[in-house]
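Peer 1: Structure: model-v5.csv, CSV, C-alpha atoms.
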chain,number,residue,atom,x,y,z
A,2,MET,CA,-166.5,-86.2,144.1
A,3,ARG,CA,-165.2,-85.9,147.7
A,4,PHE,CA,-162.0,-83.9,148.4
A,5,SER,CA,-160.5,-83.9,151.9
A,6,THR,CA,-157.3,-81.9,151.8
A,7,LEU,CA,-156.2,-78.5,150.5
A,8,LEU,CA,-153.2,-77.5,148.4
A,9,LEU,CA,-151.9,-74.1,149.4
A,10,LEU,CA,-149.4,-72.2,147.2
A,11,LEU,CA,-147.6,-69.4,149.1
A,12,PHE,CA,-146.5,-66.1,147.5
A,13,LEU,CA,-143.7,-66.9,145.0
A,14,PRO,CA,-140.9,-64.7,143.6
A,15,ALA,CA,-141.2,-63.4,140.1
A,16,VAL,CA,-138.7,-65.9,138.7
A,17,THR,CA,-139.4,-69.5,139.7
A,18,GLU,CA,-137.3,-72.6,139.4
A,19,ASP,CA,-138.3,-76.2,138.9
A,20,TRP,CA,-138.6,-78.3,142.0
A,21,ASN,CA,-138.5,-81.6,140.2
A,22,ARG,CA,-138.1,-84.3,142.9
A,23,PHE,CA,-138.5,-85.0,146.6
A,24,ARG,CA,-136.9,-82.1,148.5
A,25,GLY,CA,-136.0,-80.2,145.4
A,26,PRO,CA,-132.6,-79.9,143.7
A,27,ASN,CA,-130.8,-83.2,144.4
A,28,GLY,CA,-132.8,-83.6,147.6
A,29,SER,CA,-131.2,-80.6,149.3
A,30,GLY,CA,-134.4,-78.9,150.4
A,31,ILE,CA,-132.8,-75.6,149.2
A,32,SER,CA,-134.3,-73.2,146.7
A,33,ASN,CA,-132.0,-70.9,144.7
A,34,ASP,CA,-134.8,-68.4,144.2
A,35,SER,CA,-135.2,-65.3,146.3
A,36,GLY,CA,-138.0,-63.0,147.3
A,37,PHE,CA,-139.9,-65.3,149.6
A,38,PRO,CA,-141.8,-63.7,152.5
A,39,SER,CA,-140.2,-63.8,155.9
A,40,THR,CA,-143.6,-64.0,157.5
A,41,VAL,CA,-146.4,-66.2,156.2
A,42,THR,CA,-150.0,-65.4,157.0
A,43,LYS,CA,-153.2,-66.7,155.7
A,44,GLU,CA,-154.4,-63.2,154.8
A,45,GLN,CA,-151.4,-62.0,152.9
A,46,SER,CA,-149.4,-64.9,151.6
A,47,ILE,CA,-151.8,-67.2,149.9
A,48,ARG,CA,-152.0,-66.6,146.2
A,49,TRP,CA,-154.5,-69.3,145.5
A,50,ARG,CA,-156.1,-72.3,147.2
A,51,THR,CA,-157.7,-75.4,145.6
A,52,PRO,CA,-159.0,-78.7,146.8
A,53,VAL,CA,-157.0,-81.9,146.2
A,54,ARG,CA,-157.6,-85.6,146.8
A,55,PRO,CA,-156.1,-87.2,149.9
A,56,GLY,CA,-152.4,-88.1,149.7
A,57,LYS,CA,-149.1,-87.7,151.5
A,58,SER,CA,-146.6,-87.1,148.7
A,59,SER,CA,-145.0,-83.7,148.2
A,60,PRO,CA,-145.8,-81.7,145.1
A,61,VAL,CA,-143.2,-81.3,142.4
A,62,LEU,CA,-143.0,-78.2,140.2
A,63,THR,CA,-142.2,-77.2,136.6
A,64,ALA,CA,-142.3,-73.7,135.2
A,65,ASN,CA,-146.0,-74.1,134.5
A,66,HIS,CA,-147.3,-77.2,136.3
A,67,ILE,CA,-147.6,-78.8,139.7
A,68,PHE,CA,-147.7,-82.6,139.9
A,69,LEU,CA,-149.2,-84.4,142.9
A,70,THR,CA,-150.2,-88.0,143.7
A,71,ALA,CA,-153.3,-89.1,145.6
A,72,PHE,CA,-155.4,-92.1,146.6
A,73,GLN,CA,-159.1,-92.3,146.7
A,74,ASP,CA,-161.9,-94.9,146.1
A,75,GLY,CA,-159.4,-97.6,145.3
A,76,LYS,CA,-157.6,-95.6,142.6
A,77,LEU,CA,-154.0,-94.1,142.6
A,78,TYR,CA,-154.1,-90.7,141.1
A,79,THR,CA,-151.5,-88.5,139.4
A,80,GLN,CA,-152.8,-84.9,139.2
A,81,CYS,CA,-151.6,-81.8,137.3
A,82,TYR,CA,-152.4,-78.3,138.4
A,83,ASP,CA,-151.7,-75.0,136.7
A,84,ARG,CA,-148.9,-73.3,138.7
A,85,ALA,CA,-150.2,-69.8,138.2
A,86,THR,CA,-153.9,-70.3,139.0
A,87,GLY,CA,-154.2,-73.6,140.9
A,88,ASN,CA,-156.7,-74.9,138.5
A,89,LEU,CA,-156.8,-78.7,138.1
A,90,LEU,CA,-155.7,-79.4,134.5
A,91,TRP,CA,-156.0,-83.1,134.5
A,92,GLU,CA,-155.9,-86.2,136.7
A,93,ARG,CA,-155.3,-89.8,135.7
A,94,SER,CA,-155.5,-93.0,137.7
A,95,VAL,CA,-154.3,-96.6,137.9
A,96,PRO,CA,-156.0,-99.2,140.1
A,97,LYS,CA,-154.6,-100.1,143.5
A,98,VAL,CA,-153.9,-103.8,142.7
A,99,ARG,CA,-152.8,-104.9,146.2
A,100,ASP,CA,-152.7,-103.9,149.8
A,101,GLU,CA,-149.1,-104.0,151.1
A,102,VAL,CA,-148.1,-104.1,154.7
A,103,ALA,CA,-147.5,-100.5,155.8
A,104,ASN,CA,-147.0,-98.3,158.8
A,105,ARG,CA,-150.1,-96.2,159.6
A,106,LEU,CA,-148.0,-93.1,158.8
A,107,ASN,CA,-147.4,-94.5,155.3
A,108,HIS,CA,-150.0,-94.1,152.6
A,109,PRO,CA,-150.8,-95.5,149.2
A,110,ALA,CA,-149.8,-92.1,147.7
A,111,ALA,CA,-146.9,-91.3,150.1
A,112,ILE,CA,-144.1,-91.4,147.5
A,113,THR,CA,-143.3,-88.1,145.9
A,114,PRO,CA,-143.2,-88.2,142.0
A,115,THR,CA,-140.5,-86.7,139.9
A,116,THR,CA,-140.6,-84.7,136.7
A,117,ASP,CA,-138.2,-83.8,133.9
A,118,GLY,CA,-139.9,-80.5,133.3
A,119,GLU,CA,-142.5,-81.9,130.8
A,120,ASN,CA,-143.3,-85.5,131.9
A,121,VAL,CA,-144.1,-86.8,135.3
A,122,TYR,CA,-143.1,-90.2,136.8
A,123,SER,CA,-145.1,-91.6,139.7
A,124,LEU,CA,-144.2,-94.5,141.8
A,125,PHE,CA,-146.9,-96.3,143.8
A,126,LYS,CA,-146.0,-99.1,146.2
A,127,ASP,CA,-149.3,-100.8,145.5
A,128,TYR,CA,-148.9,-100.7,141.7
A,129,GLY,CA,-145.5,-99.7,140.2
A,130,LEU,CA,-144.1,-96.9,138.0
A,131,VAL,CA,-146.3,-94.9,135.6
A,132,SER,CA,-145.5,-91.9,133.4
A,133,TYR,CA,-147.7,-89.2,131.8
A,134,ASP,CA,-146.9,-86.2,129.6
A,135,SER,CA,-147.8,-82.7,130.4
A,136,ASP,CA,-151.2,-83.1,128.7
A,137,GLY,CA,-152.0,-86.1,130.8
A,138,GLU,CA,-151.5,-88.7,128.1
A,139,LEU,CA,-150.2,-92.0,129.4
A,140,ARG,CA,-146.6,-92.6,128.1
A,141,TRP,CA,-145.9,-95.9,129.7
A,142,GLN,CA,-146.5,-98.0,132.9
A,143,VAL,CA,-144.3,-100.7,134.6
A,144,PRO,CA,-146.0,-102.8,137.3
A,145,LEU,CA,-143.5,-103.4,140.2
A,146,GLY,CA,-143.6,-105.4,143.4
A,147,PRO,CA,-145.1,-106.7,145.5
A,148,PHE,CA,-142.5,-105.3,147.9
A,149,ALA,CA,-141.3,-107.0,151.1
A,150,ASN,CA,-141.0,-103.9,153.3
A,151,SER,CA,-142.6,-104.1,156.7
A,152,MET,CA,-143.5,-100.4,156.9
A,153,GLY,CA,-144.2,-99.9,153.2
A,154,MET,CA,-142.0,-98.5,150.4
A,155,SER,CA,-141.3,-94.8,150.6
A,156,ALA,CA,-138.0,-94.0,148.7
A,157,ALA,CA,-138.9,-91.6,145.9
A,158,PRO,CA,-137.8,-92.1,142.3
A,159,ILE,CA,-135.1,-89.8,140.9
A,160,LEU,CA,-133.8,-88.9,137.4
A,161,SER,CA,-130.3,-89.3,136.0
A,162,GLY,CA,-129.9,-88.3,132.4
A,163,SER,CA,-132.2,-90.6,130.4
A,164,LEU,CA,-133.0,-92.8,133.3
A,165,VAL,CA,-135.6,-93.1,136.1
A,166,ILE,CA,-133.9,-94.6,139.2
A,167,VAL,CA,-135.9,-96.7,141.7
A,168,LEU,CA,-134.4,-97.9,145.0
A,169,ALA,CA,-136.2,-100.8,146.6
A,170,ASP,CA,-134.5,-101.8,149.8
A,171,GLN,CA,-136.6,-104.5,151.5
A,172,LEU,CA,-136.4,-107.5,153.9
A,173,GLU,CA,-135.7,-109.7,150.9
A,174,GLY,CA,-135.0,-109.1,147.2
A,175,SER,CA,-133.6,-105.6,147.6
A,176,TYR,CA,-132.5,-103.9,144.4
A,177,ILE,CA,-131.8,-100.6,142.6
A,178,ALA,CA,-133.1,-100.3,139.0
A,179,ALA,CA,-133.0,-97.9,136.1
A,180,PHE,CA,-135.9,-97.4,133.6
A,181,ASP,CA,-135.7,-95.7,130.3
A,182,ARG,CA,-137.5,-92.3,130.6
A,183,THR,CA,-138.8,-92.7,127.0
A,184,ASN,CA,-140.5,-96.1,127.2
A,185,GLY,CA,-140.1,-97.5,130.7
A,186,GLU,CA,-137.9,-100.4,129.6
A,187,THR,CA,-135.5,-101.7,132.3
A,188,ARG,CA,-132.0,-100.5,131.5
A,189,TRP,CA,-130.4,-102.2,134.4
A,190,LYS,CA,-131.3,-103.8,137.7
A,191,ILE,CA,-128.8,-104.6,140.5
A,192,HIS,CA,-129.3,-106.7,143.6
A,193,ARG,CA,-128.5,-105.1,146.9
A,194,ASP,CA,-127.6,-106.9,150.2
A,195,GLU,CA,-129.1,-104.1,152.3
A,196,LEU,CA,-132.3,-104.7,154.1
A,197,GLU,CA,-135.3,-102.4,154.3
A,198,ALA,CA,-134.8,-98.6,154.5
A,199,TRP,CA,-136.9,-95.6,153.4
A,200,GLY,CA,-134.5,-92.8,152.4
A,201,THR,CA,-134.4,-91.4,148.8
A,202,PRO,CA,-131.0,-91.7,147.0
A,203,LEU,CA,-128.9,-88.8,145.7
A,204,LEU,CA,-126.9,-88.1,142.6
A,205,TYR,CA,-123.2,-87.3,142.9
A,206,GLN,CA,-121.2,-85.8,140.0
A,207,PRO,CA,-118.2,-83.7,141.3
A,208,ASN,CA,-117.5,-82.2,138.0
A,209,ALA,CA,-118.9,-82.1,134.4
A,210,ASP,CA,-116.3,-84.6,133.2
A,211,SER,CA,-117.1,-87.2,135.9
A,212,PRO,CA,-119.7,-89.9,135.3
A,213,PRO,CA,-122.7,-89.6,137.6
A,214,HIS,CA,-123.0,-91.9,140.7
A,215,ILE,CA,-125.9,-92.7,143.0
A,216,LEU,CA,-125.5,-92.4,146.7
A,217,THR,CA,-127.6,-94.6,149.0
A,218,ALA,CA,-128.0,-94.9,152.7
A,219,SER,CA,-129.6,-98.0,154.0
A,220,ARG,CA,-129.6,-100.4,157.0
A,221,GLY,CA,-126.1,-100.1,158.3
A,222,PHE,CA,-124.4,-99.3,155.0
A,223,PHE,CA,-123.6,-96.3,152.8
A,224,GLY,CA,-123.3,-97.4,149.1
A,225,ILE,CA,-122.3,-95.9,145.8
A,226,HIS,CA,-123.6,-97.2,142.4
A,227,SER,CA,-122.7,-96.2,138.9
A,228,ALA,CA,-125.7,-94.4,137.3
A,229,GLN,CA,-124.6,-95.6,133.9
A,230,ASN,CA,-124.9,-99.3,134.6
A,231,GLY,CA,-125.9,-99.7,138.2
A,232,ALA,CA,-122.6,-101.4,139.3
A,233,ARG,CA,-121.8,-101.2,143.0
A,234,THR,CA,-118.6,-99.3,143.3
A,235,PHE,CA,-118.2,-98.6,147.0
A,236,THR,CA,-119.6,-99.7,150.4
A,237,LEU,CA,-118.9,-98.3,153.8
A,238,PRO,CA,-120.5,-99.8,157.0
A,239,GLY,CA,-121.2,-98.0,160.2
A,240,ILE,CA,-124.4,-96.0,159.7
A,241,SER,CA,-127.6,-96.6,161.8
A,242,PRO,CA,-129.8,-99.7,161.2
A,243,THR,CA,-133.0,-97.7,160.6
A,244,ILE,CA,-132.8,-95.0,157.9
A,245,VAL,CA,-136.0,-93.2,157.4
A,246,ALA,CA,-134.7,-89.7,156.7
A,247,SER,CA,-133.1,-89.1,153.3
A,248,PRO,CA,-129.4,-88.3,153.2
A,249,ILE,CA,-128.2,-84.9,151.9
A,250,VAL,CA,-125.0,-83.9,150.2
A,251,HIS,CA,-123.3,-80.5,150.2
A,252,ASN,CA,-120.3,-80.1,148.0
A,253,ASP,CA,-118.3,-83.2,148.7
A,254,THR,CA,-119.8,-84.1,152.2
A,255,LEU,CA,-122.7,-86.4,152.7
A,256,TYR,CA,-124.8,-86.3,155.9
A,257,VAL,CA,-126.9,-89.3,156.9
A,258,PHE,CA,-128.7,-90.1,160.2
A,259,GLY,CA,-130.9,-92.7,161.6
A,260,TYR,CA,-131.7,-94.6,164.7
A,261,GLY,CA,-131.3,-98.0,166.3
A,262,ALA,CA,-131.6,-99.8,169.6
A,263,ASP,CA,-129.1,-100.6,172.3
A,264,ALA,CA,-131.1,-103.5,173.6
A,265,PRO,CA,-134.0,-105.6,172.1
A,266,THR,CA,-137.5,-104.7,173.1
A,267,PRO,CA,-138.9,-107.6,175.2
A,268,PHE,CA,-141.5,-109.7,173.5
A,269,SER,CA,-143.4,-109.6,176.8
A,270,ASN,CA,-144.2,-105.9,176.2
A,271,HIS,CA,-146.5,-107.0,173.4
A,272,LEU,CA,-147.8,-110.2,175.0
A,273,THR,CA,-149.0,-108.2,178.0
A,274,ARG,CA,-151.2,-106.0,175.8
A,275,LEU,CA,-152.2,-108.3,173.0
A,276,ASP,CA,-152.0,-112.0,174.0
A,277,LYS,CA,-155.7,-112.7,174.7
A,278,ASN,CA,-155.4,-116.4,175.3
A,279,GLY,CA,-152.1,-116.3,177.2
A,280,ASP,CA,-150.4,-118.9,174.9
A,281,GLY,CA,-147.2,-116.9,174.6
A,282,ARG,CA,-147.7,-116.2,170.9
A,283,LEU,CA,-149.5,-113.6,168.8
A,284,THR,CA,-152.0,-114.4,166.1
A,285,PRO,CA,-153.4,-112.1,163.4
A,286,ASP,CA,-156.6,-111.5,165.4
A,287,GLU,CA,-154.5,-110.3,168.3
A,288,TYR,CA,-152.0,-108.0,166.6
A,289,THR,CA,-154.6,-106.9,163.9
A,290,ASP,CA,-153.4,-103.8,161.9
A,291,ASN,CA,-150.2,-103.2,163.9
A,292,ALA,CA,-147.6,-102.6,161.1
A,293,LEU,CA,-144.6,-103.6,163.1
A,294,LEU,CA,-146.1,-106.9,164.2
A,295,ASN,CA,-147.5,-107.5,160.7
A,296,GLY,CA,-144.1,-107.1,159.3
A,297,VAL,CA,-142.6,-109.5,161.8
A,298,ALA,CA,-145.2,-112.1,161.1
A,299,LYS,CA,-144.9,-111.8,157.3
A,300,PHE,CA,-141.1,-111.8,156.9
A,301,ASN,CA,-139.7,-113.8,159.8
A,302,GLY,CA,-139.6,-117.5,160.8
A,303,ASN,CA,-141.9,-119.9,159.1
A,304,ARG,CA,-144.2,-117.0,158.0
A,305,ASP,CA,-147.4,-118.7,159.2
A,306,ARG,CA,-148.5,-115.2,160.5
A,307,ILE,CA,-148.2,-116.5,164.1
A,308,ILE,CA,-145.4,-114.6,166.0
A,309,THR,CA,-143.3,-116.6,168.5
A,310,ALA,CA,-140.7,-115.4,170.9
A,311,GLU,CA,-138.0,-116.8,168.5
A,312,GLU,CA,-139.4,-114.9,165.5
A,313,TRP,CA,-139.6,-111.7,167.5
A,314,ALA,CA,-136.0,-112.1,168.5
A,315,GLU,CA,-135.0,-112.7,164.9
A,316,ALA,CA,-136.6,-109.4,163.9
A,317,GLN,CA,-135.0,-107.5,166.8
A,318,VAL,CA,-131.5,-108.4,165.7
A,319,ARG,CA,-131.9,-106.2,162.6
A,320,MET,CA,-132.7,-103.2,164.9
A,321,MET,CA,-129.6,-103.4,167.0
A,322,GLY,CA,-127.1,-100.5,166.5
A,323,PRO,CA,-126.4,-96.9,167.4
A,324,SER,CA,-128.5,-93.9,166.6
A,325,SER,CA,-126.2,-91.6,164.8
A,326,LEU,CA,-125.7,-88.6,162.6
A,327,VAL,CA,-122.6,-89.2,160.4
A,328,ALA,CA,-120.7,-86.9,158.0
A,329,LEU,CA,-118.8,-88.7,155.2
A,330,ARG,CA,-116.3,-87.0,153.0
A,331,LEU,CA,-116.7,-88.0,149.3
A,332,GLU,CA,-113.4,-88.3,147.5
A,333,SER,CA,-113.4,-88.1,143.8
A,334,ALA,CA,-112.0,-90.8,141.6
A,335,ALA,CA,-108.2,-90.8,141.4
A,336,GLU,CA,-105.6,-92.5,139.2
A,337,GLY,CA,-106.3,-96.2,139.3
A,338,ARG,CA,-109.8,-95.7,140.8
A,339,SER,CA,-112.8,-95.1,138.5
A,340,SER,CA,-115.4,-94.1,141.1
A,341,PRO,CA,-115.6,-91.9,144.2
A,342,GLN,CA,-115.1,-93.3,147.7
A,343,ALA,CA,-116.0,-92.0,151.2
A,344,ARG,CA,-114.4,-91.7,154.6
A,345,GLU,CA,-116.0,-90.7,157.9
A,346,LEU,CA,-115.4,-87.1,159.0
A,347,TRP,CA,-117.3,-87.1,162.3
A,348,ARG,CA,-120.3,-88.7,164.0
A,349,PHE,CA,-122.8,-87.7,166.7
A,350,GLU,CA,-124.5,-90.5,168.6
A,351,LYS,CA,-127.0,-89.1,171.0
A,352,GLY,CA,-130.8,-88.7,171.1
A,353,PHE,CA,-131.9,-89.6,167.6
A,354,THR,CA,-134.6,-92.1,168.4
A,355,GLY,CA,-137.5,-92.1,165.9
A,356,VAL,CA,-136.1,-89.5,163.5
A,357,ILE,CA,-138.2,-89.1,160.3
A,358,PRO,CA,-137.5,-85.6,158.9
A,359,SER,CA,-134.5,-85.2,156.6
A,360,ALA,CA,-131.8,-82.8,157.6
A,361,LEU,CA,-131.0,-79.3,156.1
A,362,HIS,CA,-127.6,-77.8,155.3
A,363,TRP,CA,-127.4,-74.0,155.1
A,364,LYS,CA,-124.4,-71.7,155.3
A,365,GLY,CA,-122.2,-74.0,157.2
A,366,LEU,CA,-124.9,-75.2,159.6
A,367,LEU,CA,-126.7,-78.5,159.7
A,368,TYR,CA,-130.3,-78.6,161.1
A,369,VAL,CA,-131.9,-81.8,162.4
A,370,LEU,CA,-135.5,-82.1,163.7
A,371,LYS,CA,-136.5,-85.1,165.8
A,372,ASN,CA,-139.8,-86.3,167.1
A,373,GLY,CA,-141.4,-84.1,169.7
A,374,GLY,CA,-140.1,-80.9,168.0
A,375,ILE,CA,-136.5,-80.9,169.2
A,376,LEU,CA,-134.5,-78.8,166.8
A,377,THR,CA,-130.6,-79.1,166.9
A,378,SER,CA,-128.1,-77.1,164.9
A,379,PHE,CA,-124.6,-78.4,164.2
A,380,ASP,CA,-121.4,-77.0,162.9
A,381,ALA,CA,-121.4,-78.9,159.6
A,382,ALA,CA,-117.7,-79.1,159.4
A,383,THR,CA,-117.0,-80.6,162.9
A,384,GLY,CA,-120.3,-82.0,164.2
A,385,LYS,CA,-120.2,-79.7,167.2
A,386,VAL,CA,-123.7,-79.0,168.7
A,387,LEU,CA,-124.3,-75.3,168.5
A,388,LYS,CA,-127.9,-75.1,169.8
A,389,THR,CA,-130.7,-77.4,170.7
A,390,GLY,CA,-134.2,-76.7,171.9
A,391,ARG,CA,-137.9,-77.5,171.6
A,392,ILE,CA,-140.0,-75.7,169.0
A,393,ALA,CA,-142.6,-73.6,170.8
A,394,ASN,CA,-146.1,-75.2,170.8
A,395,ALA,CA,-144.9,-78.3,169.0
A,396,PRO,CA,-148.0,-80.4,168.5
A,397,GLY,CA,-146.3,-83.8,168.5
A,398,GLY,CA,-144.4,-86.0,166.1
A,399,TYR,CA,-142.8,-84.5,163.0
A,400,SER,CA,-142.7,-86.2,159.6
A,401,SER,CA,-142.1,-83.3,157.2
A,402,SER,CA,-138.5,-82.4,156.3
With the file now loaded, output its structure as structure tokens.
Peer 2:
Amino acid sequence: MRFSTLLLLLFLPAVTEDWNRFRGPNGSGISNDSGFPSTVTKEQSIRWRTPVRPGKSSPVLTANHIFLTAFQDGKLYTQCYDRATGNLLWERSVPKVRDEVANRLNHPAAITPTTDGENVYSLFKDYGLVSYDSDGELRWQVPLGPFANSMGMSAAPILSGSLVIVLADQLEGSYIAAFDRTNGETRWKIHRDELEAWGTPLLYQPNADSPPHILTASRGFFGIHSAQNGARTFTLPGISPTIVASPIVHNDTLYVFGYGADAPTPFSNHLTRLDKNGDGRLTPDEYTDNALLNGVAKFNGNRDRIITAEEWAEAQVRMMGPSSLVALRLESAAEGRSSPQARELWRFEKGFTGVIPSALHWKGLLYVLKNGGILTSFDAATGKVLKTGRIANAPGGYSSS
């Protein structure tokens, strides 16, 4: 058995919380524990170290277990490790039944699973949704897809009460769906007009008496769905056309950012590099494994896999729009209104090209990291830039939040 990556668990405080979904409690990236080291060193901070199979998903934690997904030798793995020792307790796999178009930064095991503290729920873009209990017994599996996403699916599943929520925004057939945590049966499935995006949704429940809602940020639109039946209850246009980073919510304010283009990229840029026979078109043998061009070929025009100037222009239209960081105020349901709405508080539109890492809100400050290692802090209430600079010795592009 060949392993190619390592799982490192740093020193943890005596009392540990669950970290049950992508970016922890409701996607905030914030732990409520204390006692973490201010300096992390290989010699002092590593409690244990164990090999894992290759993957790009983040681990999720319960009191006793760590769940992780991986891909190797044509199989999609869900793995369970002992949180105290790092020992592999079990691993289970499903076959990779298809090869979907994906960006080279994407991966068959890129989507972070979620857990309810006992069971784990894994979503694979090349298979579907599968659930195991804490002993590794298969509870249920629901094949999903294929998906029409030019860069590959990446939105992680989340939990709401008895439901597992899956957001699938794609170039065609976008939807949000809820599956029963007990047996995997579809409880509801709602069509969405949004096109492809990659951010993970959030839950919003302003108080214990309010019904939960799902907050989504996708190509050009912020949306709210009822978690109980999936009904779309609110839509607000004006966010960026490309949403890779996941939104975050702090109290009643949502922060979402993404990027776009002021002008289309000329098709000639690709023809100059790739058009071997000079016919003004691109064929599969010319664009090979380029994910962007594969997506254009598969989902535009007559879909004969030959890219023309017209088909390139069609795809570019979807990219047009401002790069922006937007703060939205969530307003709770009032008399005559059954669900929350949102209004824009402020926006910042400068220098967010190619942003992948999700933002972080901490003590009134908002932190955003862009490609190349440029870190910017904002006043979360006003959007005023407080400080910006390049991280020392930044090695290149950043993907981790």
Peer 1: Taking into account all atoms listed in the file, which residue in the set A:Trp199, A:Tyr78, A:Thr377, A:Phe235 is nearest to A:Ser339?
Peer 2: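 Among the listed residues, A:Phe235 lies closest to A:Ser339.
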Peer 1: Under the rule of at most 8 Å, produce a per-residue listing of stretch 246-302 of chain A near stretch 327-331 of chain A: chain, number, name, the closest pair of atoms, and the distance in Å, as JSON lines, using only C-alpha atoms.
Peer 2:
{"residue": "A:Asp253", "atom": "CA", "partner": "A:Leu331", "partner_atom": "CA", "distance": 5.1}
{"residue": "A:Thr254", "atom": "CA", "partner": "A:Arg330", "partner_atom": "CA", "distance": 4.6}
{"residue": "A:Leu255", "atom": "CA", "partner": "A:Leu329", "partner_atom": "CA", "distance": 5.2}
{"residue": "A:Tyr256", "atom": "CA", "partner": "A:Ala328", "partner_atom": "CA", "distance": 4.6}
{"residue": "A:Val257", "atom": "CA", "partner": "A:Val327", "partner_atom": "CA", "distance": 5.5}
{"residue": "A:Phe258", "atom": "CA", "partner": "A:Val327", "partner_atom": "CA", "distance": 6.2}
Peer 1: Please, what distance in Å, to one decimal, runs between atom CA of A:Ser155 and atom CA of A:Asp181?
Peer 2: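 Between atom CA of A:Ser155 and atom CA of A:Asp181 the gap works out to 21.1 Å.
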Peer 1: When distances are computed from all atoms listed in the file, which of A:Val41, A:Thr115, A:Ser325, A:Ala85 shows the smallest separation from A:Leu69?
Peer 2: A:Thr115
Peer 1: Between atom CA of A:Arg220 and atom CA of A:Pro238, what is the distance, to one decimal in Å?
Peer 2: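 It comes out at 9.1 Å.
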Peer 1: With distances taken over all atoms listed in the file, which residue among A:Ser123, A:Ser340, A:Asn88, A:Thr266 lies nearest A:Ser58?
Peer 2: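 Closest residue, counting all atoms listed in the file: A:Ser123.
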Peer 1: Quick one: residues within 12 Å of A:Thr389, all atoms listed in the file, excluding same-chain residues fewer than 6 positions away - as a ChimeraX atom specification?
Peer 2: /A:352,367-371,374-379
Peer 1: How many Å separate atom CA of A:His192 from atom CA of A:Gly296?
Peer 2: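 We find that atom CA of A:His192 and atom CA of A:Gly296 lie 21.6 Å from each other.
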